[in-house]
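Asks: First, the structure itself, so that you have it in front of you.
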Amino acid sequence: MTSNVSDPVGLAKSADAVAARATDLVKIYGSGDTQVRALDGVSADFAKGEFTAIMGPSGSGKSTLMHCLAGLDAATAGTVHIGDTNLTELSDKGMTQLRRDRIGFVFQAFNLVPTLTALENVTLPLDIAGRKADEEWLSTVLKRLGLTDRLTHRPSELSGGQQQRVACARALAGKPDIIFGDEPTGNLDSRSSGEVLSILRAAVDEFGQTVVIVTHDPRAASYADRVVFLADGRIVDELRSPTADSVLDKMKSLETSGVEAEH
């Protein structure tokens, strides 16, 4: 199945409703016999105010797609837009500024600075940018994430779930256009994982944020409005209003067809 059948990834949406857009993205690593085509002509829209999960078998290109969308990696060909900004036309300085001012990140490794308090970690990107936090917004985020009594604690004094909540607060603090999560629950137990996913869901429902995560976990994907499936560097399907079971069934069929294709 190709990515343009029945517009499976929302390309028909108007530009002003799109938070991020990939168009004909190609990403090639290496050359000659060792060349790997991680992305093979991917086109997809990610709507504003929507929670999207990107899934696929190991090596399908899902993390590469997210890294290209977030400006952490440059595509070999094709274009990426955040809103109406074409990332491929930005200078290094412009790219740094865009990532700092318009994108929030939540990674599997919490990426907190050990010598800073929870609050200092949350406001760090704003401090670096020389921007003042919107106190009302920050207070709302910290309260919603249950961090108000942990603000003076350093990361070593927090549980894994609390550290990831700090990372979520940091991603939300600057009111970014879009939040990207790369396996954001990968290092967490099921209870902490559920907390963090609920927070990302609330960011969409209560704060009107746009969230895109890469995950291998059907339960995590079930929190999303939409799941986009990759295989061999191409978008092959999507699910709306996913459940853990429907995602698991789709993943099984993708992995089975992948095995069949190899024989």
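Letters A, B, ... go to the chains of the structure tokens in the order shown; residues in each chain start at 1; ligands are counted from 1 in the same order.
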Hey, what's within 7 Å of Phe105 in chain A if we count only C-alpha atoms and toss same-chain stuff fewer than 4 positions away? As a PDB file with C-alpha atoms, in the first residue's frame, please?

Replies:
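Result saved to part33.pdb:
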```
ATOM      1  CA  ALA A 171       8.398  20.503  26.966  1.00  0.00           C
ATOM      2  CA  ILE A 179       5.723  18.327  21.217  1.00  0.00           C
ATOM      3  CA  PHE A 180       7.729  15.329  20.015  1.00  0.00           C
ATOM      4  CA  GLY A 181       8.260  12.260  22.190  1.00  0.00           C
TER       5      GLY A 181
END
```

Asks: Could you name the residues that touch Leu112 in chain A at 12 Å or less, counting only C-alpha atoms, but leaving out those on the same chain fewer than 2 positions away, as JSON, numbers by chain?

Replies: {"A": [105, 106, 107, 108, 109, 110, 114, 115, 116, 117, 118, 119, 120, 121, 122, 123, 124, 125, 154, 155, 156, 158, 160, 162, 163, 164, 165, 166, 167, 168, 169, 170, 171]}

Asks: Mind running range 21-125 of chain A against range 217-221 of chain A at 12 Å and telling me each contacting residue's nearest atom pair with the distance in Å (one decimal), counting only C-alpha atoms, chain and number ascending, as a Markdown table?

Replies:
```
| residue | atom | partner | partner_atom | distance |
| --- | --- | --- | --- | --- |
| A:Phe51 | CA | A:Ala221 | CA | 9.4 |
| A:Thr52 | CA | A:Ala221 | CA | 8.1 |
| A:Ala53 | CA | A:Ala221 | CA | 5.6 |
| A:Ile54 | CA | A:Ala221 | CA | 8.1 |
| A:Met55 | CA | A:Ala221 | CA | 8.1 |
| A:Gly56 | CA | A:Asp217 | CA | 10.2 |
| A:Pro57 | CA | A:Asp217 | CA | 11.1 |
```

Asks: For those residues, write N, CA and C atoms to a file as a PDB file, in the first residue's frame.

Replies:
```pdb
ATOM      1  N   PHE A  51      -3.129  14.206  18.839  1.00  0.00           N
ATOM      2  CA  PHE A  51      -2.109  13.323  19.406  1.00  0.00           C
ATOM      3  C   PHE A  51      -1.910  12.187  18.397  1.00  0.00           C
ATOM      4  N   THR A  52      -0.714  12.111  17.825  1.00  0.00           N
ATOM      5  CA  THR A  52      -0.394  11.065  16.845  1.00  0.00           C
ATOM      6  C   THR A  52       0.720  10.180  17.367  1.00  0.00           C
ATOM      7  N   ALA A  53       0.566   8.887  17.211  1.00  0.00           N
ATOM      8  CA  ALA A  53       1.641   7.942  17.532  1.00  0.00           C
ATOM      9  C   ALA A  53       2.179   7.367  16.224  1.00  0.00           C
ATOM     10  N   ILE A  54       3.503   7.264  16.139  1.00  0.00           N
ATOM     11  CA  ILE A  54       4.157   6.656  14.973  1.00  0.00           C
ATOM     12  C   ILE A  54       4.686   5.291  15.409  1.00  0.00           C
ATOM     13  N   MET A  55       4.286   4.246  14.676  1.00  0.00           N
ATOM     14  CA  MET A  55       4.683   2.878  15.037  1.00  0.00           C
ATOM     15  C   MET A  55       5.190   2.141  13.811  1.00  0.00           C
ATOM     16  N   GLY A  56       5.826   1.011  14.081  1.00  0.00           N
ATOM     17  CA  GLY A  56       6.295   0.157  13.005  1.00  0.00           C
ATOM     18  C   GLY A  56       7.304  -0.830  13.548  1.00  0.00           C
ATOM     19  N   PRO A  57       7.568  -1.889  12.790  1.00  0.00           N
ATOM     20  CA  PRO A  57       8.569  -2.860  13.219  1.00  0.00           C
ATOM     21  C   PRO A  57       9.932  -2.210  13.400  1.00  0.00           C
TER      22      PRO A  57
END
```

Asks: If DSSP is run on the backbone, what residues of range 28-176 of chain A are strand (DSSP E or B)? A reply as a VMD selection string would be ideal.

Replies: chain A and resid 28 to 29 36 to 47 51 to 55 77 to 82 85 to 86 103 to 107

Asks: For each of A:Thr210, A:Thr140, A:Thr34, A:Thr256, take the minimum atom-to-atom distance to Phe46 in chain A, counting only C-alpha atoms, then give the residue where this is smallest.

Replies: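 Ranking A:Thr210, A:Thr140, A:Thr34, A:Thr256 by distance to Phe46 in chain A, first place goes to A:Thr210.
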
Asks: Do a neighbour search on Leu239 in chain A at 8 Å with only C-alpha atoms, toss out local chain neighbours closer than 6 positions, and write the hits as a PDB file with N, CA, C and O atoms, in the first residue's frame.

Replies:
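The result, written out as part-v4.pdb:
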```pdb
ATOM      1  N   ARG A 226      -4.652   9.074  16.661  1.00  0.00           N
ATOM      2  CA  ARG A 226      -4.332   8.439  15.387  1.00  0.00           C
ATOM      3  C   ARG A 226      -2.986   7.738  15.507  1.00  0.00           C
ATOM      4  O   ARG A 226      -2.071   8.242  16.171  1.00  0.00           O
ATOM      5  N   VAL A 227      -2.870   6.587  14.885  1.00  0.00           N
ATOM      6  CA  VAL A 227      -1.587   5.880  14.813  1.00  0.00           C
ATOM      7  C   VAL A 227      -1.207   5.743  13.344  1.00  0.00           C
ATOM      8  O   VAL A 227      -2.014   5.291  12.523  1.00  0.00           O
ATOM      9  N   VAL A 228       0.017   6.176  13.024  1.00  0.00           N
ATOM     10  CA  VAL A 228       0.556   6.038  11.667  1.00  0.00           C
ATOM     11  C   VAL A 228       1.572   4.899  11.688  1.00  0.00           C
ATOM     12  O   VAL A 228       2.457   4.868  12.545  1.00  0.00           O
ATOM     13  N   VAL A 247      -4.194  -1.895  17.696  1.00  0.00           N
ATOM     14  CA  VAL A 247      -2.803  -1.567  17.352  1.00  0.00           C
ATOM     15  C   VAL A 247      -1.957  -2.839  17.320  1.00  0.00           C
ATOM     16  O   VAL A 247      -1.150  -3.048  16.406  1.00  0.00           O
TER      17      VAL A 247
END
```

Asks: Taking 2 positions as the minimum chain separation for residues in the same chain, which residues sit within 12 Å of Asp205 in chain A when counting only C-alpha atoms? Answer as an NGL selection string.

Replies: :A and (48-51 or 198-203 or 207-211 or 223-225)

Asks: Just N, CA and C atoms for this one: save the residues we selected as a compact mmCIF listing (two decimals), in the first residue's frame.

Replies:
```txt
# COMPACT_ATOMS: atom_id res chain seq x y z
N LYS A 48 -2.91 20.10 13.93
CA LYS A 48 -2.86 20.86 15.18
C LYS A 48 -3.88 20.31 16.16
N GLY A 49 -3.51 20.30 17.44
CA GLY A 49 -4.43 19.87 18.48
C GLY A 49 -4.75 18.39 18.44
N GLU A 50 -3.84 17.59 17.87
CA GLU A 50 -4.07 16.16 17.77
C GLU A 50 -2.87 15.40 18.32
N PHE A 51 -3.13 14.21 18.84
CA PHE A 51 -2.11 13.32 19.41
C PHE A 51 -1.91 12.19 18.40
N SER A 198 -1.08 10.02 30.19
CA SER A 198 -2.26 10.82 30.55
C SER A 198 -1.95 12.31 30.47
N ILE A 199 -0.71 12.66 30.85
CA ILE A 199 -0.27 14.06 30.79
C ILE A 199 -0.21 14.54 29.33
N LEU A 200 0.35 13.71 28.46
CA LEU A 200 0.43 14.08 27.04
C LEU A 200 -0.97 14.18 26.43
N ARG A 201 -1.85 13.26 26.84
CA ARG A 201 -3.25 13.31 26.39
C ARG A 201 -3.92 14.61 26.86
N ALA A 202 -3.67 14.96 28.14
CA ALA A 202 -4.24 16.18 28.70
C ALA A 202 -3.67 17.43 28.02
N ALA A 203 -2.41 17.35 27.61
CA ALA A 203 -1.79 18.49 26.91
C ALA A 203 -2.56 18.81 25.63
N PHE A 207 -4.93 21.69 26.92
CA PHE A 207 -4.07 22.83 26.56
C PHE A 207 -4.03 23.08 25.06
N GLY A 208 -4.70 22.21 24.27
CA GLY A 208 -4.73 22.41 22.82
C GLY A 208 -3.40 22.19 22.13
N GLN A 209 -2.50 21.42 22.79
CA GLN A 209 -1.19 21.17 22.21
C GLN A 209 -1.28 20.13 21.10
N THR A 210 -0.20 20.03 20.33
CA THR A 210 -0.05 18.99 19.32
C THR A 210 1.06 18.06 19.79
N VAL A 211 0.80 16.76 19.81
CA VAL A 211 1.78 15.79 20.32
C VAL A 211 1.99 14.70 19.27
N TYR A 223 -3.45 5.83 23.56
CA TYR A 223 -3.77 7.16 24.09
C TYR A 223 -3.89 8.19 22.96
N ALA A 224 -3.43 7.85 21.77
CA ALA A 224 -3.39 8.79 20.65
C ALA A 224 -4.75 8.88 19.94
N ASP A 225 -4.92 9.95 19.16
CA ASP A 225 -6.10 10.07 18.29
C ASP A 225 -5.91 9.24 17.03
```

Asks: In Å to one decimal, how far is CA of Ala74 in chain A from CA of Leu87 in chain A?

Replies: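 For CA of Leu87 in chain A relative to CA of Ala74 in chain A, the distance reads 8.8 Å.
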
Asks: Using only C-alpha atoms for the distances, tell me which of A:Gly61, A:Glu183, A:Pro176, A:Pro242 is nearest to Val36 in chain A.

Replies: A:Gly61
